[in-house]
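Participant: Supplied structure: entry_29.tsv, TSV, C-alpha atoms.
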chain	number	residue	atom	x	y	z
C	1	MET	CA	84.50	122.16	128.56
C	2	ALA	CA	83.82	121.79	124.83
C	3	GLN	CA	86.61	122.69	122.43
C	4	ILE	CA	86.28	123.00	118.62
C	5	ILE	CA	89.53	122.17	116.84
C	6	GLN	CA	90.87	120.77	113.57
C	7	ARG	CA	91.67	117.09	113.84
C	8	THR	CA	92.26	114.06	111.66
C	9	VAL	CA	89.96	111.21	112.67
C	10	LEU	CA	90.83	107.55	112.12
C	11	PHE	CA	88.62	104.50	112.58
C	12	ALA	CA	90.16	101.02	112.36
C	13	ASP	CA	88.40	97.68	112.52
C	14	LEU	CA	89.63	94.09	112.52
C	15	ARG	CA	87.44	91.60	110.69
C	16	GLY	CA	87.63	87.86	110.64
C	17	SER	CA	87.83	87.27	114.38
C	18	THR	CA	84.65	85.15	114.42
C	19	SER	CA	86.01	82.59	111.97
C	20	LEU	CA	89.35	82.76	113.77
C	21	PHE	CA	87.68	81.58	116.98
C	22	GLU	CA	86.01	78.75	115.09
C	23	THR	CA	89.32	77.64	113.57
C	24	LEU	CA	91.88	78.21	116.32
C	25	GLY	CA	89.76	77.81	119.44
C	26	ASN	CA	89.03	80.35	122.15
C	27	ALA	CA	92.42	80.54	123.86
C	28	GLU	CA	94.61	80.93	120.77
C	29	ALA	CA	92.17	83.19	118.94
C	30	THR	CA	91.80	85.47	121.98
C	31	ALA	CA	95.58	85.80	122.21
C	32	VAL	CA	95.85	86.66	118.50
C	33	VAL	CA	93.06	89.24	118.54
C	34	THR	CA	94.28	90.85	121.77
C	35	GLN	CA	97.80	91.11	120.42
C	36	THR	CA	96.62	92.55	117.12
C	37	VAL	CA	94.46	95.22	118.74
C	38	ALA	CA	97.46	96.15	120.92
C	39	LEU	CA	99.59	96.53	117.78
C	40	VAL	CA	96.97	98.79	116.21
C	41	ARG	CA	96.91	100.97	119.34
C	42	HIS	CA	100.71	101.07	119.38
C	43	ALA	CA	100.68	102.31	115.76
C	44	VAL	CA	98.47	105.21	116.86
C	45	GLN	CA	100.79	106.07	119.74
C	46	LYS	CA	103.90	105.77	117.56
C	47	ALA	CA	102.42	108.28	115.08
C	48	GLU	CA	101.73	110.70	117.96
C	49	GLY	CA	98.00	110.16	117.85
C	50	ARG	CA	95.51	109.55	120.67
C	51	THR	CA	93.20	106.57	120.97
C	52	VAL	CA	89.81	108.04	121.87
C	53	LYS	CA	88.02	104.73	122.42
C	54	THR	CA	88.14	101.07	121.55
C	55	LEU	CA	85.20	99.64	119.63
C	56	GLY	CA	84.96	95.85	119.75
C	57	ASP	CA	87.91	94.69	117.64
C	58	GLY	CA	88.75	98.21	116.52
C	59	LEU	CA	89.30	101.75	117.69
C	60	MET	CA	88.80	105.45	117.06
C	61	ALA	CA	91.81	107.76	117.16
C	62	VAL	CA	92.57	111.41	116.47
C	63	PHE	CA	95.71	113.09	115.14
C	64	SER	CA	96.93	116.63	114.70
C	65	ASP	CA	97.25	116.19	110.94
C	66	PRO	CA	96.62	113.61	108.16
C	67	THR	CA	100.33	112.77	107.78
C	68	GLN	CA	100.32	111.22	111.25
C	69	ALA	CA	97.18	109.24	110.39
C	70	PHE	CA	98.81	108.05	107.17
C	71	GLU	CA	101.88	106.84	109.09
C	72	ALA	CA	99.66	105.08	111.62
C	73	ALA	CA	97.65	103.30	108.90
C	74	VAL	CA	100.81	102.09	107.17
C	75	GLN	CA	102.18	100.84	110.48
C	76	MET	CA	98.92	99.03	111.28
C	77	HIS	CA	98.89	97.16	107.97
C	78	THR	CA	102.59	96.35	108.23
C	79	GLU	CA	102.25	94.95	111.74
C	80	LEU	CA	99.26	92.83	110.72
C	81	ASP	CA	101.14	91.50	107.68
C	82	LEU	CA	104.06	90.49	109.90
C	83	LEU	CA	101.75	88.88	112.43
C	84	MET	CA	100.17	86.75	109.73
C	85	VAL	CA	103.49	85.76	108.18
C	86	GLN	CA	105.49	85.06	111.33
C	87	GLY	CA	103.33	82.12	112.27
C	88	ARG	CA	101.52	83.50	115.31
C	89	VAL	CA	98.50	82.52	113.28
C	90	ARG	CA	98.88	79.04	111.81
C	91	ALA	CA	100.29	79.01	108.29
C	92	GLU	CA	97.12	77.86	106.60
C	93	GLN	CA	95.26	80.83	108.09
C	94	ALA	CA	97.62	83.49	106.74
C	95	SER	CA	95.82	83.69	103.41
C	96	GLY	CA	92.66	81.73	104.07
C	97	PRO	CA	89.18	82.79	105.19
C	98	GLY	CA	90.20	82.74	108.87
C	99	ALA	CA	92.85	85.44	108.52
C	100	LEU	CA	92.32	88.78	110.20
C	101	LYS	CA	91.69	91.70	107.87
C	102	LEU	CA	92.09	95.39	108.71
C	103	GLN	CA	89.87	98.21	107.46
C	104	VAL	CA	90.82	101.85	108.06
C	105	ALA	CA	88.96	105.10	107.30
C	106	VAL	CA	90.34	108.61	107.76
C	107	SER	CA	88.71	112.05	107.58
C	108	HIS	CA	89.84	115.56	108.45
C	109	GLY	CA	87.98	118.60	109.71
C	110	GLU	CA	86.50	120.32	112.74
C	111	VAL	CA	85.70	118.14	115.74
C	112	VAL	CA	84.19	118.96	119.10
C	113	GLU	CA	86.21	117.59	122.03
C	114	ILE	CA	84.26	117.04	125.25
C	115	GLY	CA	85.68	115.12	128.17
C	116	GLY	CA	88.21	113.30	126.03
C	117	ASP	CA	85.63	112.17	123.45
C	118	CYS	CA	85.19	113.66	119.97
C	119	PHE	CA	82.09	114.50	117.98
C	120	GLY	CA	81.20	116.24	114.74
C	121	ASP	CA	80.92	115.74	111.00
C	122	ALA	CA	84.50	114.52	110.54
C	123	VAL	CA	83.88	111.80	113.13
C	124	ASN	CA	80.59	110.73	111.55
C	125	VAL	CA	82.06	110.57	108.04
C	126	ALA	CA	85.06	108.47	109.10
C	127	ALA	CA	82.87	106.08	111.08
C	128	ARG	CA	80.46	105.52	108.19
C	129	LEU	CA	83.19	105.41	105.56
C	130	LEU	CA	84.75	102.46	107.40
C	131	GLY	CA	81.94	100.25	106.14
C	132	HIS	CA	82.99	100.97	102.54
C	133	ALA	CA	86.59	99.81	103.03
C	134	GLY	CA	87.59	96.46	101.58
C	135	ASP	CA	89.92	93.88	103.10
C	136	ASN	CA	93.18	95.47	104.27
C	137	GLU	CA	92.18	98.78	102.68
C	138	THR	CA	92.60	102.34	103.93
C	139	LEU	CA	90.25	105.08	102.70
C	140	PHE	CA	90.91	108.81	103.02
C	141	THR	CA	88.41	111.58	102.40
C	142	ALA	CA	89.57	114.21	99.92
C	143	GLU	CA	89.89	116.71	102.79
C	144	ALA	CA	92.43	114.41	104.47
C	145	ARG	CA	94.28	113.31	101.34
C	146	ASP	CA	94.59	116.78	99.77
C	147	VAL	CA	96.64	118.22	102.63
C	148	LEU	CA	99.20	115.41	102.61
C	149	PRO	CA	102.67	116.14	101.22
C	150	PRO	CA	102.90	115.35	97.46
C	151	ALA	CA	105.06	112.28	98.12
C	152	LEU	CA	102.23	110.78	100.16
C	153	SER	CA	99.16	112.10	98.31
C	154	GLY	CA	100.51	110.45	95.16
C	155	ARG	CA	100.08	107.04	96.81
C	156	PHE	CA	96.30	107.20	96.50
C	157	ARG	CA	93.85	106.35	93.74
C	158	SER	CA	90.53	108.14	93.44
C	159	LEU	CA	87.28	106.27	94.09
C	160	GLU	CA	85.26	109.34	93.07
C	161	GLY	CA	82.17	109.99	95.19
C	162	ILE	CA	80.77	107.51	97.71
C	163	SER	CA	77.32	107.97	99.21
C	164	VAL	CA	77.62	108.12	102.99
C	165	ARG	CA	74.60	107.95	105.28
C	166	GLY	CA	73.77	111.38	106.66
C	167	ARG	CA	75.42	113.26	103.77
C	168	VAL	CA	73.34	114.70	100.90
C	169	GLU	CA	76.28	114.91	98.51
C	170	PRO	CA	78.66	111.98	97.84
C	171	VAL	CA	81.94	112.09	99.74
C	172	ARG	CA	85.07	112.23	97.58
C	173	VAL	CA	87.21	109.29	98.65
C	174	TYR	CA	90.71	108.01	97.90
C	175	ALA	CA	92.11	104.53	98.55
C	176	MET	CA	95.69	104.22	99.77
C	177	GLN	CA	97.85	102.04	97.56
C	178	ARG	CA	100.28	99.77	99.34
C	179	ASN	CA	103.37	98.28	97.77
C	180	LEU	CA	103.61	95.16	99.88
C	181	ALA	CA	103.65	91.53	98.83
C	182	GLY	CA	100.39	90.80	100.59
C	183	ASP	CA	98.41	93.66	99.10
C	184	ALA	CA	96.45	91.70	96.52
C	185	ALA	CA	92.89	90.85	97.54
C	186	ALA	CA	92.30	87.26	98.50
C	187	THR	CA	91.08	84.99	95.74
C	188	GLN	CA	88.69	82.09	95.90
C	189	PHE	CA	91.74	79.84	96.00
C	190	GLY	CA	93.50	81.53	98.92
C	191	SER	CA	97.00	82.71	98.11
C	192	GLU	CA	97.08	81.19	94.65
C	193	SER	CA	97.84	83.72	91.94
C	194	PHE	CA	97.19	83.79	88.22
C	195	PRO	CA	100.45	84.73	86.52
C	196	SER	CA	98.99	84.82	82.99
C	197	PRO	CA	99.43	88.05	80.97
C	198	GLU	CA	97.82	91.05	82.55
C	199	PRO	CA	94.21	91.61	81.47
C	200	ASP	CA	93.36	94.46	79.13
C	201	GLY	CA	89.83	95.01	80.36
C	202	ILE	CA	86.67	93.57	81.82
C	203	ARG	CA	83.29	92.94	80.19
C	204	LEU	CA	80.10	93.29	82.26
C	205	ILE	CA	76.65	92.15	81.11
C	206	TRP	CA	73.27	92.69	82.79
C	207	LEU	CA	70.18	91.99	80.71
C	208	ASP	CA	70.65	94.12	77.56
C	209	LEU	CA	73.42	96.24	79.10
C	210	ASP	CA	76.75	95.02	77.71
C	211	ARG	CA	79.86	97.12	78.35
C	212	MET	CA	83.61	96.69	78.24
C	213	PHE	CA	85.88	98.73	80.51
C	214	ASP	CA	89.55	99.40	79.96
C	215	THR	CA	91.84	99.12	82.98
C	216	LYS	CA	92.41	102.88	82.75
C	217	LEU	CA	88.76	103.48	83.59
C	218	MET	CA	89.05	101.86	87.00
C	219	PRO	CA	87.65	102.04	89.58
C	220	ILE	CA	84.04	101.57	88.48
C	221	VAL	CA	80.96	101.27	90.67
C	222	LEU	CA	78.11	98.83	90.10
C	223	GLY	CA	74.83	100.04	91.53
C	224	ARG	CA	71.37	101.49	91.15
C	225	SER	CA	72.54	105.11	91.18
C	226	VAL	CA	72.48	106.87	87.81
C	227	GLN	CA	75.98	108.06	88.68
C	228	ALA	CA	77.29	104.48	88.82
C	229	ALA	CA	79.56	103.54	85.92
C	230	PHE	CA	77.54	100.34	85.47
C	231	CYS	CA	73.96	101.26	86.38
C	232	ILE	CA	71.63	98.41	87.32
C	233	THR	CA	68.07	99.72	87.55
C	234	ASP	CA	66.76	97.12	89.96
C	235	GLY	CA	65.25	98.09	93.31
C	236	ARG	CA	67.01	95.20	95.06
C	237	VAL	CA	70.43	96.66	94.21
C	238	SER	CA	72.04	99.29	96.45
C	239	ARG	CA	72.80	102.69	94.98
C	240	GLN	CA	76.50	101.86	95.23
C	241	HIS	CA	76.51	98.11	95.56
C	242	ALA	CA	80.04	97.03	94.59
C	243	ARG	CA	83.27	98.46	93.23
C	244	ILE	CA	85.74	97.00	90.74
C	245	ASP	CA	89.35	98.14	91.10
C	246	TRP	CA	92.50	97.56	89.06
C	247	GLN	CA	95.50	96.93	91.29
C	248	SER	CA	98.63	94.80	91.22
C	249	GLY	CA	97.76	93.67	87.67
C	250	GLN	CA	94.38	92.22	88.68
C	251	PHE	CA	90.73	93.17	88.92
C	252	SER	CA	89.27	93.07	92.42
C	253	LEU	CA	85.62	93.28	93.44
C	254	THR	CA	84.72	94.98	96.73
C	255	ASP	CA	81.22	94.75	98.18
C	256	LEU	CA	79.83	98.09	99.41
C	257	SER	CA	76.30	97.00	100.22
C	258	PHE	CA	74.28	95.86	103.23
C	259	ASN	CA	73.03	92.66	101.60
C	260	GLY	CA	76.32	91.51	100.11
C	261	SER	CA	77.68	90.50	96.72
C	262	TYR	CA	78.12	86.89	95.63
C	263	VAL	CA	80.62	85.59	93.07
C	264	ARG	CA	80.59	82.28	91.22
C	265	PHE	CA	83.38	81.56	88.76
C	266	SER	CA	82.73	79.64	85.57
C	267	GLY	CA	83.38	75.93	86.00
C	268	SER	CA	82.80	76.05	89.75
C	269	SER	CA	79.67	75.33	91.78
C	270	GLU	CA	80.95	77.24	94.81
C	271	VAL	CA	79.61	80.71	95.57
C	272	MET	CA	81.84	83.22	97.35
C	273	ALA	CA	79.92	85.58	99.67
C	274	LEU	CA	81.34	89.09	100.06
C	275	ARG	CA	80.07	91.34	102.84
C	276	ARG	CA	82.12	94.54	102.82
C	277	THR	CA	85.04	92.36	101.73
C	278	SER	CA	86.93	91.80	98.47
C	279	CYS	CA	88.00	89.09	96.06
C	280	THR	CA	90.08	88.93	92.89
C	281	LEU	CA	88.16	88.40	89.65
C	282	HIS	CA	89.65	86.02	87.10
C	283	GLY	CA	88.42	84.22	84.01
C	284	SER	CA	84.66	84.66	83.84
C	285	GLY	CA	81.62	84.12	86.02
C	286	VAL	CA	78.64	85.85	87.56
C	287	ILE	CA	78.09	88.36	90.36
C	288	GLY	CA	74.86	88.18	92.35
C	289	LEU	CA	73.88	91.52	93.84
C	290	GLY	CA	72.11	91.15	97.18
C	291	SER	CA	71.78	87.36	97.11
C	292	SER	CA	73.33	84.25	95.59
C	293	PRO	CA	73.35	84.09	91.78
C	294	VAL	CA	71.87	80.59	91.97
C	295	GLN	CA	68.57	82.11	93.14
C	296	LEU	CA	66.30	82.75	90.16
C	297	ASP	CA	65.21	86.26	91.17
C	298	THR	CA	68.70	87.61	91.93
C	299	PRO	CA	70.01	90.54	89.83
C	300	VAL	CA	73.02	88.91	88.17
C	301	VAL	CA	75.91	90.57	86.34
C	302	ARG	CA	78.04	88.37	84.11
C	303	PHE	CA	81.72	89.25	83.88
C	304	GLU	CA	84.59	88.25	81.63
C	305	ILE	CA	88.23	89.24	82.00
C	306	LEU	CA	89.51	90.32	78.59
C	307	HIS	CA	92.98	89.61	77.25
C	308	PHE	CA	93.20	91.44	73.93
C	309	ALA	CA	95.00	94.74	73.68
C	310	ASP	CA	92.45	96.56	71.56
C	311	THR	CA	89.66	96.43	74.15
C	312	GLN	CA	87.85	99.76	74.27
C	313	ALA	CA	85.13	100.96	76.59
C	314	GLN	CA	81.76	101.28	74.94
C	315	ASP	CA	79.78	104.46	75.28
Would you put the structure from the file into structure tokens?

Facilitator:
Amino acid sequence: MAQIIQRTVLFADLRGSTSLFETLGNAEATAVVTQTVALVRHAVQKAEGRTVKTLGDGLMAVFSDPTQAFEAAVQMHTELDLLMVQGRVRAEQASGPGALKLQVAVSHGEVVEIGGDCFGDAVNVAARLLGHAGDNETLFTAEARDVLPPALSGRFRSLEGISVRGRVEPVRVYAMQRNLAGDAAATQFGSESFPSPEPDGIRLIWLDLDRMFDTKLMPIVLGRSVQAAFCITDGRVSRQHARIDWQSGQFSLTDLSFNGSYVRFSGSSEVMALRRTSCTLHGSGVIGLGSSPVQLDTPVVRFEILHFADTQAQD
């Protein structure tokens, strides 16, 4: 019998298992992935939620309220951090490209429960929002975040509106901020950090469009939409193609597109491919939107991290 009730919906997905199999071999990689999925399910149970179904290397779960989903997401990330650090994955994989990454998306609203499964708008939004989450990132819709206690809702930063397939209006989204040592997005050089003075801003250049953004203006979206903070009027660019965030004293770029974003740092010939994943931006370089910046027809945005205090955003 169908039942319409208010529920908080959580989707979680582990990424990186393919490269893990290539690096560790079938037996060890299978053990790691199986154990990690079990830890994610345990986090749901511990927060008094219910796992509705498993989906490949992820799951869908429902909770009575967003606070439980918040607790589950924190537990999931914590358990994965410990798994990486404790050596169950070889040390060189803990920060390298073979490491497992966790993406989580949470929404809140009416769902229809039929035979233990759940359907409805809240389910669809959470499922599609998952594709916009960066590495080890948790996204909450405004409906889920706004009913959290103040002590928890204050741990989010606004990403403004994100276009979600099936929705006419953009969905207001918040990213959960974590205060753990491993929170920073992976850089091109693995776990290496850049302890120079914190940047004051970032400069972006595409054709004749040249803008500087203060850290206080983050996050900003690069895309074809006129609502994007850095609008790139090229048909090959997604409406919301990539997002630049300011976190832990660094700029990070997260790909939001279907065709990917590609980063090449100045002085390097290597190109980093991002597909719904993130990297830390440092120094200067170029971002190819949809294909590698080395291809002549690729829409390319040049970036430069600024280190002078009087940087101001241009109108």

Participant: I'd like the contact shell of Arg50 of chain C - 10 Å cut-off, only C-alpha atoms, skipping same-chain residues fewer than 6 positions apart - returned as a list in words.

Facilitator: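 Final neighbour list, sorted by chain and number: Val9, Leu10, Arg41, Val44, Met60, Ala61, Val62, Phe63, Ser64 and Gly116 of chain C.
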
Participant: So, with only C-alpha atoms as the atoms that count, which of C:Val40, C:Ala31, C:Leu14, C:Ala242 lies closest to Asp57 of chain C?

Facilitator: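 Of the candidates, the smallest distance to Asp57 of chain C is held by C:Leu14.
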
Participant: Quick one: residues within 7 Å of Gln75 of chain C, all atoms listed in the file counted, chain neighbours fewer than 4 positions away excluded, as a PyMOL selection string?

Facilitator: chain C and resi 43+71+79

Participant: Restricting it to C-alpha atoms, dump the selection as a tab-separated table (two decimals), in the frame of the given file.

Facilitator:
chain	number	residue	atom	x	y	z
C	43	ALA	CA	100.68	102.31	115.76
C	71	GLU	CA	101.88	106.84	109.09
C	79	GLU	CA	102.25	94.95	111.74

Participant: Compile the contact shell of Ile202 of chain C as number ranges by chain: residues with an atom at most 8 Å away, counting only C-alpha atoms, same-chain residues fewer than 3 positions apart removed.

Facilitator: C: 199, 212-215, 303-306

Participant: Show me, as a list in words, the residues that have an atom within 7 Å of segment 159-176 of chain C when counting all atoms listed in the file, minus same-chain residues fewer than 3 positions from it.

Facilitator: Arg128, Leu129, Thr138, Leu139, Phe140, Thr141, Ala142, Arg155, Phe156 and Pro219 of chain C
